[in-house]
Amino acid sequence: MSEVRLITADVVDELADPRDYVDAVREGYRQRGEAAPARSRTRLEGEDPPGMLTGYSAILPDTGAMGGYMYAAGFGSSDGWFFLPLFDARSGEPLALIDGSSMNPIKTGSASAVAVDELARSEAATLGLVGSGNQAWGQLQAIDVVRDLDEVRVFSPTREHRQAFARHAAGELGLDVEPVDHVEAAVASDIVVTATRSGEPVFDDRDLREGTHVTAMGRYHPRRREVDGRTVARSVYVPDLRARVDEDAGAFRQAREEGLIGADHVHAELGAVVADVAPGRTSPEDVTLFDSGGTGIETVAAGAMLCERAREQELGSTIAWTPASEGMDRPW
């Protein structure tokens, strides 16, 4: 029998702050390891409700952990349930089962923060958020760790939503957060993050200033994108995983279809930049673009950090898990 730690969302919320997540995710991308290039999605077409089962995984050799997400979403209620199983990468023994719901925005935001730290200008001090949901909040929390922000501008189509977001963010982080009435005002920033559900570009490339860093994180579908082909073409383009680009990086794929770029437009994947295998920004005038579709790397890195802390603090409960050698040793 193996002792598996069950870490529920209320325990997750006690274990780490945004800086802890950013540090763990940075280390995960430095290792690079082995990661599934894209999510596996299983759905029953034509069924009602139209839900799906999704999963992705990674192995982090130095951390000694492997695992990933499996989640169900979209079954009529548009809700989701996130399971993060974590295993020992050396023995295969299960270590933890983590409720991945509350950690999702901050671990995703941490990947963006690592990219900002590597790709944005060191003096970048203004952040434009396009989107005002939970994912935008995770992005802001994490980016606040790696840059000293003078001003945050947030735009979303619903005025009440962006105003409520601005009040909450200003109160929680002590930042100057301004809800803006037009997306152009958010895009006129040193760092721009798109965290939307839009399937079409949410801003015009002509409004993007030289030297800006962009993180596009709201879409991971071959036919959907948040930034247009011109933005991709002018950018130093860095995806979280190179192999994912051909799978579900809609902005890159559609820019290729439009004849604006070739397959060689990928500058490097994020892990190569973090590990100093490839350079990041090479000029103050560069427009850098991080295409964040979400990978098992940040998920396992965050999960391993949470598991270690839960063990040290004896938080969460434990359950017994039967290995195959015992479970399958039955008389037939």
# chains A, B, ... in the order shown; residues from 1 in each chain; ligands from 1
>>> residues_around(residues="region 68-72 of chain A", least_positions_apart="5", cutoff="6 Å", atoms="only C-alpha atoms", output="mmCIF file with C-alpha atoms, in the first residue's frame")
data_model
loop_
_atom_site.group_PDB
_atom_site.id
_atom_site.type_symbol
_atom_site.label_atom_id
_atom_site.label_comp_id
_atom_site.auth_asym_id
_atom_site.auth_seq_id
_atom_site.Cartn_x
_atom_site.Cartn_y
_atom_site.Cartn_z
ATOM 1 C CA MET A 52 -15.680 16.974 -22.538
ATOM 2 C CA LEU A 53 -12.935 15.185 -20.636
ATOM 3 C CA THR A 54 -9.468 16.744 -20.964
ATOM 4 C CA GLY A 55 -6.013 15.776 -19.777
ATOM 5 C CA TYR A 56 -2.325 16.653 -20.131
ATOM 6 C CA SER A 57 0.864 15.600 -18.387
ATOM 7 C CA GLY A 80 -15.453 22.182 -14.306
ATOM 8 C CA TRP A 81 -13.731 19.724 -11.951
ATOM 9 C CA PHE A 82 -9.923 19.631 -11.859
ATOM 10 C CA PHE A 83 -7.948 16.643 -10.571
ATOM 11 C CA LEU A 84 -4.163 16.785 -10.280
ATOM 12 C CA GLY A 296 1.747 19.958 -17.709
ATOM 13 C CA THR A 299 0.870 22.058 -13.343
ATOM 14 C CA VAL A 300 3.362 19.460 -12.096
#
>>> closest_atom_pairs(of="region 15-95 of chain A", to="region 138-141 of chain A", cutoff="12 Å", atoms="only C-alpha atoms", output="Markdown table")
| residue | atom | partner | partner_atom | distance |
| --- | --- | --- | --- | --- |
| A:Asp17 | CA | A:Gln141 | CA | 9.3 |
| A:Pro18 | CA | A:Gln141 | CA | 6.4 |
| A:Arg19 | CA | A:Gln141 | CA | 8.9 |
| A:Asp20 | CA | A:Gln141 | CA | 11.6 |
| A:Tyr21 | CA | A:Gln141 | CA | 10.4 |
| A:Val22 | CA | A:Gln141 | CA | 9.9 |
>>> write_last_selection(atoms="N, CA and C atoms", output="PDB file, in the first residue's frame")
ATOM      1  N   ASP A  17       1.944  31.356  -1.695  1.00  0.00           N
ATOM      2  CA  ASP A  17       1.545  32.656  -2.225  1.00  0.00           C
ATOM      3  C   ASP A  17       2.021  32.767  -3.675  1.00  0.00           C
ATOM      4  N   PRO A  18       1.667  33.836  -4.387  1.00  0.00           N
ATOM      5  CA  PRO A  18       2.029  33.935  -5.806  1.00  0.00           C
ATOM      6  C   PRO A  18       3.530  33.784  -6.071  1.00  0.00           C
ATOM      7  N   ARG A  19       4.375  34.337  -5.213  1.00  0.00           N
ATOM      8  CA  ARG A  19       5.821  34.215  -5.439  1.00  0.00           C
ATOM      9  C   ARG A  19       6.269  32.759  -5.392  1.00  0.00           C
ATOM     10  N   ASP A  20       5.680  31.969  -4.500  1.00  0.00           N
ATOM     11  CA  ASP A  20       6.018  30.553  -4.424  1.00  0.00           C
ATOM     12  C   ASP A  20       5.680  29.844  -5.733  1.00  0.00           C
ATOM     13  N   TYR A  21       4.510  30.171  -6.288  1.00  0.00           N
ATOM     14  CA  TYR A  21       4.115  29.567  -7.559  1.00  0.00           C
ATOM     15  C   TYR A  21       5.060  29.979  -8.680  1.00  0.00           C
ATOM     16  N   VAL A  22       5.382  31.258  -8.752  1.00  0.00           N
ATOM     17  CA  VAL A  22       6.264  31.740  -9.819  1.00  0.00           C
ATOM     18  C   VAL A  22       7.624  31.055  -9.726  1.00  0.00           C
TER      19      VAL A  22
END
>>> residues_around(residues="region 152-160 of chain A", least_positions_apart="2", cutoff="6 Å", atoms="only C-alpha atoms", output="ChimeraX atom specification")
/A:126-132,162-163,177-180,183,186
>>> write_last_selection(atoms="N, CA and C atoms", output="PDB file, in the first residue's frame")
ATOM      1  N   THR A 126       3.929  49.305 -16.848  1.00  0.00           N
ATOM      2  CA  THR A 126       2.483  49.398 -17.037  1.00  0.00           C
ATOM      3  C   THR A 126       1.978  48.089 -17.630  1.00  0.00           C
ATOM      4  N   LEU A 127       0.857  47.631 -17.130  1.00  0.00           N
ATOM      5  CA  LEU A 127       0.258  46.365 -17.559  1.00  0.00           C
ATOM      6  C   LEU A 127      -1.146  46.623 -18.065  1.00  0.00           C
ATOM      7  N   GLY A 128      -1.454  46.147 -19.262  1.00  0.00           N
ATOM      8  CA  GLY A 128      -2.800  46.199 -19.803  1.00  0.00           C
ATOM      9  C   GLY A 128      -3.417  44.816 -19.820  1.00  0.00           C
ATOM     10  N   LEU A 129      -4.525  44.650 -19.136  1.00  0.00           N
ATOM     11  CA  LEU A 129      -5.244  43.378 -19.098  1.00  0.00           C
ATOM     12  C   LEU A 129      -6.480  43.475 -19.981  1.00  0.00           C
ATOM     13  N   VAL A 130      -6.624  42.527 -20.886  1.00  0.00           N
ATOM     14  CA  VAL A 130      -7.842  42.419 -21.672  1.00  0.00           C
ATOM     15  C   VAL A 130      -8.572  41.189 -21.148  1.00  0.00           C
ATOM     16  N   GLY A 131      -9.576  41.426 -20.347  1.00  0.00           N
ATOM     17  CA  GLY A 131     -10.261  40.361 -19.627  1.00  0.00           C
ATOM     18  C   GLY A 131     -10.295  40.698 -18.153  1.00  0.00           C
ATOM     19  N   SER A 132     -11.367  40.302 -17.466  1.00  0.00           N
ATOM     20  CA  SER A 132     -11.503  40.667 -16.049  1.00  0.00           C
ATOM     21  C   SER A 132     -12.040  39.508 -15.220  1.00  0.00           C
ATOM     22  N   ARG A 162     -15.291  45.112 -15.311  1.00  0.00           N
ATOM     23  CA  ARG A 162     -13.945  45.693 -15.230  1.00  0.00           C
ATOM     24  C   ARG A 162     -13.823  46.632 -14.033  1.00  0.00           C
ATOM     25  N   GLN A 163     -14.914  47.301 -13.672  1.00  0.00           N
ATOM     26  CA  GLN A 163     -14.855  48.173 -12.500  1.00  0.00           C
ATOM     27  C   GLN A 163     -14.712  47.353 -11.218  1.00  0.00           C
ATOM     28  N   VAL A 177      -4.999  50.550 -10.244  1.00  0.00           N
ATOM     29  CA  VAL A 177      -5.702  49.753 -11.247  1.00  0.00           C
ATOM     30  C   VAL A 177      -6.855  50.580 -11.802  1.00  0.00           C
ATOM     31  N   GLU A 178      -6.826  50.811 -13.103  1.00  0.00           N
ATOM     32  CA  GLU A 178      -7.819  51.671 -13.751  1.00  0.00           C
ATOM     33  C   GLU A 178      -8.663  50.877 -14.743  1.00  0.00           C
ATOM     34  N   PRO A 179      -9.980  50.864 -14.574  1.00  0.00           N
ATOM     35  CA  PRO A 179     -10.826  50.277 -15.608  1.00  0.00           C
ATOM     36  C   PRO A 179     -10.922  51.248 -16.776  1.00  0.00           C
ATOM     37  N   VAL A 180     -10.676  50.762 -17.989  1.00  0.00           N
ATOM     38  CA  VAL A 180     -10.678  51.637 -19.165  1.00  0.00           C
ATOM     39  C   VAL A 180     -11.821  51.239 -20.086  1.00  0.00           C
ATOM     40  N   VAL A 183     -10.387  49.051 -25.503  1.00  0.00           N
ATOM     41  CA  VAL A 183      -9.267  48.117 -25.482  1.00  0.00           C
ATOM     42  C   VAL A 183      -7.962  48.799 -25.863  1.00  0.00           C
ATOM     43  N   ALA A 186      -5.905  49.836 -22.917  1.00  0.00           N
ATOM     44  CA  ALA A 186      -5.191  48.752 -22.243  1.00  0.00           C
ATOM     45  C   ALA A 186      -3.962  48.332 -23.038  1.00  0.00           C
TER      46      ALA A 186
END
>>> atom_distance(atom1="CA of Thr108 (chain A)", atom2="CA of Leu289 (chain A)")
15.9 Å
>>> closest_atom_pairs(of="region 120-233 of chain A", to="region 284-287 of chain A", cutoff="6 Å", atoms="only C-alpha atoms", output="tab-separated table")
residue	atom	partner	partner_atom	distance
A:Glu210	CA	A:Glu285	CA	5.1
A:Gly211	CA	A:Glu285	CA	4.1
A:Thr212	CA	A:Val287	CA	5.1
A:His213	CA	A:Val287	CA	5.7
>>> residues_around(residues="region 217-220 of chain A", least_positions_apart="2", cutoff="6 Å", atoms="only C-alpha atoms", output="compact mmCIF listing (two decimals) with C-alpha atoms, in the first residue's frame")
# COMPACT_ATOMS: atom_id res chain seq x y z
CA ALA A 195 -7.25 36.54 -20.90
CA THR A 196 -10.53 36.15 -22.76
CA ARG A 197 -12.83 33.58 -24.29
CA ARG A 225 -7.01 33.23 -31.48
CA ASP A 248 -3.59 24.06 -30.96
CA ALA A 249 -1.78 27.41 -31.24
CA SER A 292 0.49 30.32 -23.40
CA GLY A 293 -1.80 27.38 -23.96
>>> residues_around(residues="His221 (chain A)", least_positions_apart="5", cutoff="12 Å", atoms="only C-alpha atoms", output="MDAnalysis selection string")
chainID A and resid 38:41 197:200 226 244:254 291:294
>>> write_last_selection(atoms="N, CA and C atoms", output="mmCIF file, in the first residue's frame")
data_model
loop_
_atom_site.group_PDB
_atom_site.id
_atom_site.type_symbol
_atom_site.label_atom_id
_atom_site.label_comp_id
_atom_site.auth_asym_id
_atom_site.auth_seq_id
_atom_site.Cartn_x
_atom_site.Cartn_y
_atom_site.Cartn_z
ATOM 1 N N ALA A 38 0.114 18.557 -26.324
ATOM 2 C CA ALA A 38 -1.223 19.154 -26.380
ATOM 3 C C ALA A 38 -2.160 18.398 -25.463
ATOM 4 N N ARG A 39 -3.278 19.000 -25.183
ATOM 5 C CA ARG A 39 -4.294 18.331 -24.399
ATOM 6 C C ARG A 39 -4.928 17.203 -25.208
ATOM 7 N N SER A 40 -5.299 16.162 -24.513
ATOM 8 C CA SER A 40 -6.164 15.159 -25.123
ATOM 9 C C SER A 40 -7.594 15.502 -24.723
ATOM 10 N N ARG A 41 -8.471 15.519 -25.693
ATOM 11 C CA ARG A 41 -9.856 15.880 -25.411
ATOM 12 C C ARG A 41 -10.767 14.759 -25.889
ATOM 13 N N ARG A 197 -12.262 34.755 -23.629
ATOM 14 C CA ARG A 197 -12.827 33.580 -24.294
ATOM 15 C C ARG A 197 -13.080 33.853 -25.775
ATOM 16 N N SER A 198 -12.557 34.938 -26.254
ATOM 17 C CA SER A 198 -12.804 35.315 -27.649
ATOM 18 C C SER A 198 -12.097 34.364 -28.604
ATOM 19 N N GLY A 199 -12.754 34.071 -29.705
ATOM 20 C CA GLY A 199 -12.131 33.283 -30.748
ATOM 21 C C GLY A 199 -11.538 34.125 -31.854
ATOM 22 N N GLU A 200 -11.696 35.439 -31.761
ATOM 23 C CA GLU A 200 -11.174 36.371 -32.748
ATOM 24 C C GLU A 200 -10.247 37.379 -32.069
ATOM 25 N N GLU A 226 -6.557 35.110 -30.033
ATOM 26 C CA GLU A 226 -6.811 36.406 -29.406
ATOM 27 C C GLU A 226 -5.992 37.516 -30.060
ATOM 28 N N ARG A 244 3.546 22.144 -29.201
ATOM 29 C CA ARG A 244 2.131 22.523 -29.127
ATOM 30 C C ARG A 244 1.723 23.434 -30.268
ATOM 31 N N VAL A 245 2.694 24.128 -30.868
ATOM 32 C CA VAL A 245 2.385 25.116 -31.906
ATOM 33 C C VAL A 245 1.610 24.483 -33.055
ATOM 34 N N ASP A 246 1.975 23.294 -33.431
ATOM 35 C CA ASP A 246 1.323 22.629 -34.551
ATOM 36 C C ASP A 246 0.009 21.969 -34.161
ATOM 37 N N GLU A 247 -0.256 21.925 -32.857
ATOM 38 C CA GLU A 247 -1.457 21.257 -32.388
ATOM 39 C C GLU A 247 -2.621 22.233 -32.198
ATOM 40 N N ASP A 248 -2.442 23.230 -31.315
ATOM 41 C CA ASP A 248 -3.593 24.058 -30.960
ATOM 42 C C ASP A 248 -3.265 25.534 -30.790
ATOM 43 N N ALA A 249 -2.113 25.985 -31.314
ATOM 44 C CA ALA A 249 -1.781 27.411 -31.239
ATOM 45 C C ALA A 249 -2.445 28.128 -32.410
ATOM 46 N N GLY A 250 -3.697 28.522 -32.212
ATOM 47 C CA GLY A 250 -4.482 29.073 -33.306
ATOM 48 C C GLY A 250 -3.905 30.331 -33.904
ATOM 49 N N ALA A 251 -3.320 31.204 -33.092
ATOM 50 C CA ALA A 251 -2.760 32.454 -33.614
ATOM 51 C C ALA A 251 -1.615 32.164 -34.579
ATOM 52 N N PHE A 252 -0.744 31.247 -34.206
ATOM 53 C CA PHE A 252 0.393 30.903 -35.060
ATOM 54 C C PHE A 252 -0.080 30.183 -36.327
ATOM 55 N N ARG A 253 -0.948 29.219 -36.171
ATOM 56 C CA ARG A 253 -1.417 28.436 -37.317
ATOM 57 C C ARG A 253 -2.123 29.319 -38.347
ATOM 58 N N GLN A 254 -2.963 30.236 -37.870
ATOM 59 C CA GLN A 254 -3.696 31.077 -38.811
ATOM 60 C C GLN A 254 -2.783 32.115 -39.464
ATOM 61 N N ASP A 291 2.965 32.770 -26.246
ATOM 62 C CA ASP A 291 1.732 32.042 -26.554
ATOM 63 C C ASP A 291 1.570 30.958 -25.499
ATOM 64 N N SER A 292 0.674 31.199 -24.552
ATOM 65 C CA SER A 292 0.495 30.322 -23.396
ATOM 66 C C SER A 292 -0.781 29.521 -23.542
ATOM 67 N N GLY A 293 -0.626 28.243 -23.859
ATOM 68 C CA GLY A 293 -1.800 27.382 -23.961
ATOM 69 C C GLY A 293 -2.024 26.550 -22.716
ATOM 70 N N GLY A 294 -1.065 26.591 -21.797
ATOM 71 C CA GLY A 294 -1.156 25.758 -20.603
ATOM 72 C C GLY A 294 -0.525 24.403 -20.853
#
>>> closest_residue(among="A:Val238, A:Ala65, A:Leu97, A:Ala188", to="Val274 (chain A)", atoms="only C-alpha atoms")
A:Val238
>>> decode(residues="region 157-287 of chain A", atoms="C-alpha atoms", output="CSV table (one decimal), in the first residue's frame")
chain,number,residue,atom,x,y,z
A,157,PRO,CA,-16.7,44.4,-22.6
A,158,THR,CA,-18.9,44.7,-19.5
A,159,ARG,CA,-18.3,47.9,-17.6
A,160,GLU,CA,-19.4,46.6,-14.3
A,161,HIS,CA,-17.1,43.6,-14.5
A,162,ARG,CA,-13.9,45.7,-15.2
A,163,GLN,CA,-14.9,48.2,-12.5
A,164,ALA,CA,-15.4,45.4,-9.9
A,165,PHE,CA,-12.1,43.8,-11.0
A,166,ALA,CA,-10.2,47.1,-10.6
A,167,ARG,CA,-11.6,47.7,-7.1
A,168,HIS,CA,-10.7,44.2,-6.0
A,169,ALA,CA,-7.2,44.2,-7.5
A,170,ALA,CA,-6.4,47.7,-6.1
A,171,GLY,CA,-7.6,46.6,-2.6
A,172,GLU,CA,-5.8,43.3,-2.6
A,173,LEU,CA,-2.5,44.3,-4.2
A,174,GLY,CA,-2.3,48.0,-3.4
A,175,LEU,CA,-1.8,48.9,-7.1
A,176,ASP,CA,-3.1,51.7,-9.2
A,177,VAL,CA,-5.7,49.8,-11.2
A,178,GLU,CA,-7.8,51.7,-13.8
A,179,PRO,CA,-10.8,50.3,-15.6
A,180,VAL,CA,-10.7,51.6,-19.2
A,181,ASP,CA,-13.5,52.0,-21.6
A,182,HIS,CA,-11.6,51.0,-24.8
A,183,VAL,CA,-9.3,48.1,-25.5
A,184,GLU,CA,-6.8,50.5,-27.1
A,185,ALA,CA,-6.1,52.1,-23.7
A,186,ALA,CA,-5.2,48.8,-22.2
A,187,VAL,CA,-3.0,47.9,-25.2
A,188,ALA,CA,-1.0,51.1,-24.9
A,189,SER,CA,1.0,49.5,-22.1
A,190,ASP,CA,4.5,48.0,-21.6
A,191,ILE,CA,3.0,44.5,-21.0
A,192,VAL,CA,-0.3,43.3,-22.5
A,193,VAL,CA,-2.1,40.2,-21.4
A,194,THR,CA,-5.2,38.8,-23.2
A,195,ALA,CA,-7.2,36.5,-20.9
A,196,THR,CA,-10.5,36.1,-22.8
A,197,ARG,CA,-12.8,33.6,-24.3
A,198,SER,CA,-12.8,35.3,-27.6
A,199,GLY,CA,-12.1,33.3,-30.7
A,200,GLU,CA,-11.2,36.4,-32.7
A,201,PRO,CA,-8.4,39.0,-32.2
A,202,VAL,CA,-9.3,41.3,-29.4
A,203,PHE,CA,-7.1,44.2,-30.4
A,204,ASP,CA,-5.6,45.6,-33.6
A,205,ASP,CA,-1.9,45.2,-34.2
A,206,ARG,CA,-1.7,48.9,-35.2
A,207,ASP,CA,-2.4,49.9,-31.6
A,208,LEU,CA,0.5,47.9,-30.3
A,209,ARG,CA,3.6,49.9,-29.5
A,210,GLU,CA,7.2,48.9,-30.3
A,211,GLY,CA,8.9,47.3,-27.3
A,212,THR,CA,5.7,45.8,-25.9
A,213,HIS,CA,5.5,42.3,-24.5
A,214,VAL,CA,2.3,40.4,-25.1
A,215,THR,CA,1.0,37.3,-23.4
A,216,ALA,CA,-1.9,35.6,-25.1
A,217,MET,CA,-3.3,32.9,-22.8
A,218,GLY,CA,-7.1,32.7,-23.3
A,219,ARG,CA,-7.2,30.4,-26.4
A,220,TYR,CA,-5.7,26.9,-27.2
A,221,HIS,CA,-7.6,25.9,-30.3
A,222,PRO,CA,-6.4,25.6,-33.9
A,223,ARG,CA,-9.2,27.8,-35.2
A,224,ARG,CA,-9.4,30.4,-32.4
A,225,ARG,CA,-7.0,33.2,-31.5
A,226,GLU,CA,-6.8,36.4,-29.4
A,227,VAL,CA,-4.1,38.2,-31.5
A,228,ASP,CA,-4.1,38.8,-35.2
A,229,GLY,CA,-1.6,37.5,-37.8
A,230,ARG,CA,0.3,40.8,-38.0
A,231,THR,CA,1.0,40.7,-34.3
A,232,VAL,CA,2.4,37.2,-34.6
A,233,ALA,CA,4.5,38.2,-37.7
A,234,ARG,CA,6.1,41.2,-36.1
A,235,SER,CA,6.9,39.4,-32.8
A,236,VAL,CA,9.7,37.5,-31.3
A,237,TYR,CA,7.3,34.5,-30.9
A,238,VAL,CA,7.8,32.2,-27.9
A,239,PRO,CA,5.3,29.4,-27.1
A,240,ASP,CA,5.3,27.4,-23.9
A,241,LEU,CA,6.0,24.3,-25.9
A,242,ARG,CA,7.3,24.2,-29.5
A,243,ALA,CA,5.4,20.9,-30.1
A,244,ARG,CA,2.1,22.5,-29.1
A,245,VAL,CA,2.4,25.1,-31.9
A,246,ASP,CA,1.3,22.6,-34.6
A,247,GLU,CA,-1.5,21.3,-32.4
A,248,ASP,CA,-3.6,24.1,-31.0
A,249,ALA,CA,-1.8,27.4,-31.2
A,250,GLY,CA,-4.5,29.1,-33.3
A,251,ALA,CA,-2.8,32.5,-33.6
A,252,PHE,CA,0.4,30.9,-35.1
A,253,ARG,CA,-1.4,28.4,-37.3
A,254,GLN,CA,-3.7,31.1,-38.8
A,255,ALA,CA,-0.8,33.5,-39.3
A,256,ARG,CA,0.9,30.7,-41.4
A,257,GLU,CA,-2.3,30.1,-43.4
A,258,GLU,CA,-2.4,33.8,-44.2
A,259,GLY,CA,1.1,33.6,-45.6
A,260,LEU,CA,2.5,36.0,-42.9
A,261,ILE,CA,5.0,33.7,-41.4
A,262,GLY,CA,6.7,30.3,-42.0
A,263,ALA,CA,7.3,27.4,-39.7
A,264,ASP,CA,10.6,28.8,-38.7
A,265,HIS,CA,9.0,31.9,-37.1
A,266,VAL,CA,9.1,30.2,-33.7
A,267,HIS,CA,12.0,31.9,-31.8
A,268,ALA,CA,12.3,29.3,-29.0
A,269,GLU,CA,10.1,27.7,-26.5
A,270,LEU,CA,9.9,29.2,-23.0
A,271,GLY,CA,12.0,26.5,-21.3
A,272,ALA,CA,14.9,27.1,-23.7
A,273,VAL,CA,14.9,30.8,-22.8
A,274,VAL,CA,14.6,30.2,-19.1
A,275,ALA,CA,17.5,27.7,-19.3
A,276,ASP,CA,19.7,30.2,-21.3
A,277,VAL,CA,19.7,27.8,-24.3
A,278,ALA,CA,18.2,30.5,-26.4
A,279,PRO,CA,18.1,34.3,-26.0
A,280,GLY,CA,14.9,36.2,-25.2
A,281,ARG,CA,14.5,39.8,-26.1
A,282,THR,CA,17.4,41.1,-28.3
A,283,SER,CA,16.3,44.8,-28.7
A,284,PRO,CA,14.3,47.4,-26.7
A,285,GLU,CA,12.1,47.8,-29.8
A,286,ASP,CA,11.2,44.1,-30.1
A,287,VAL,CA,7.6,43.1,-29.7
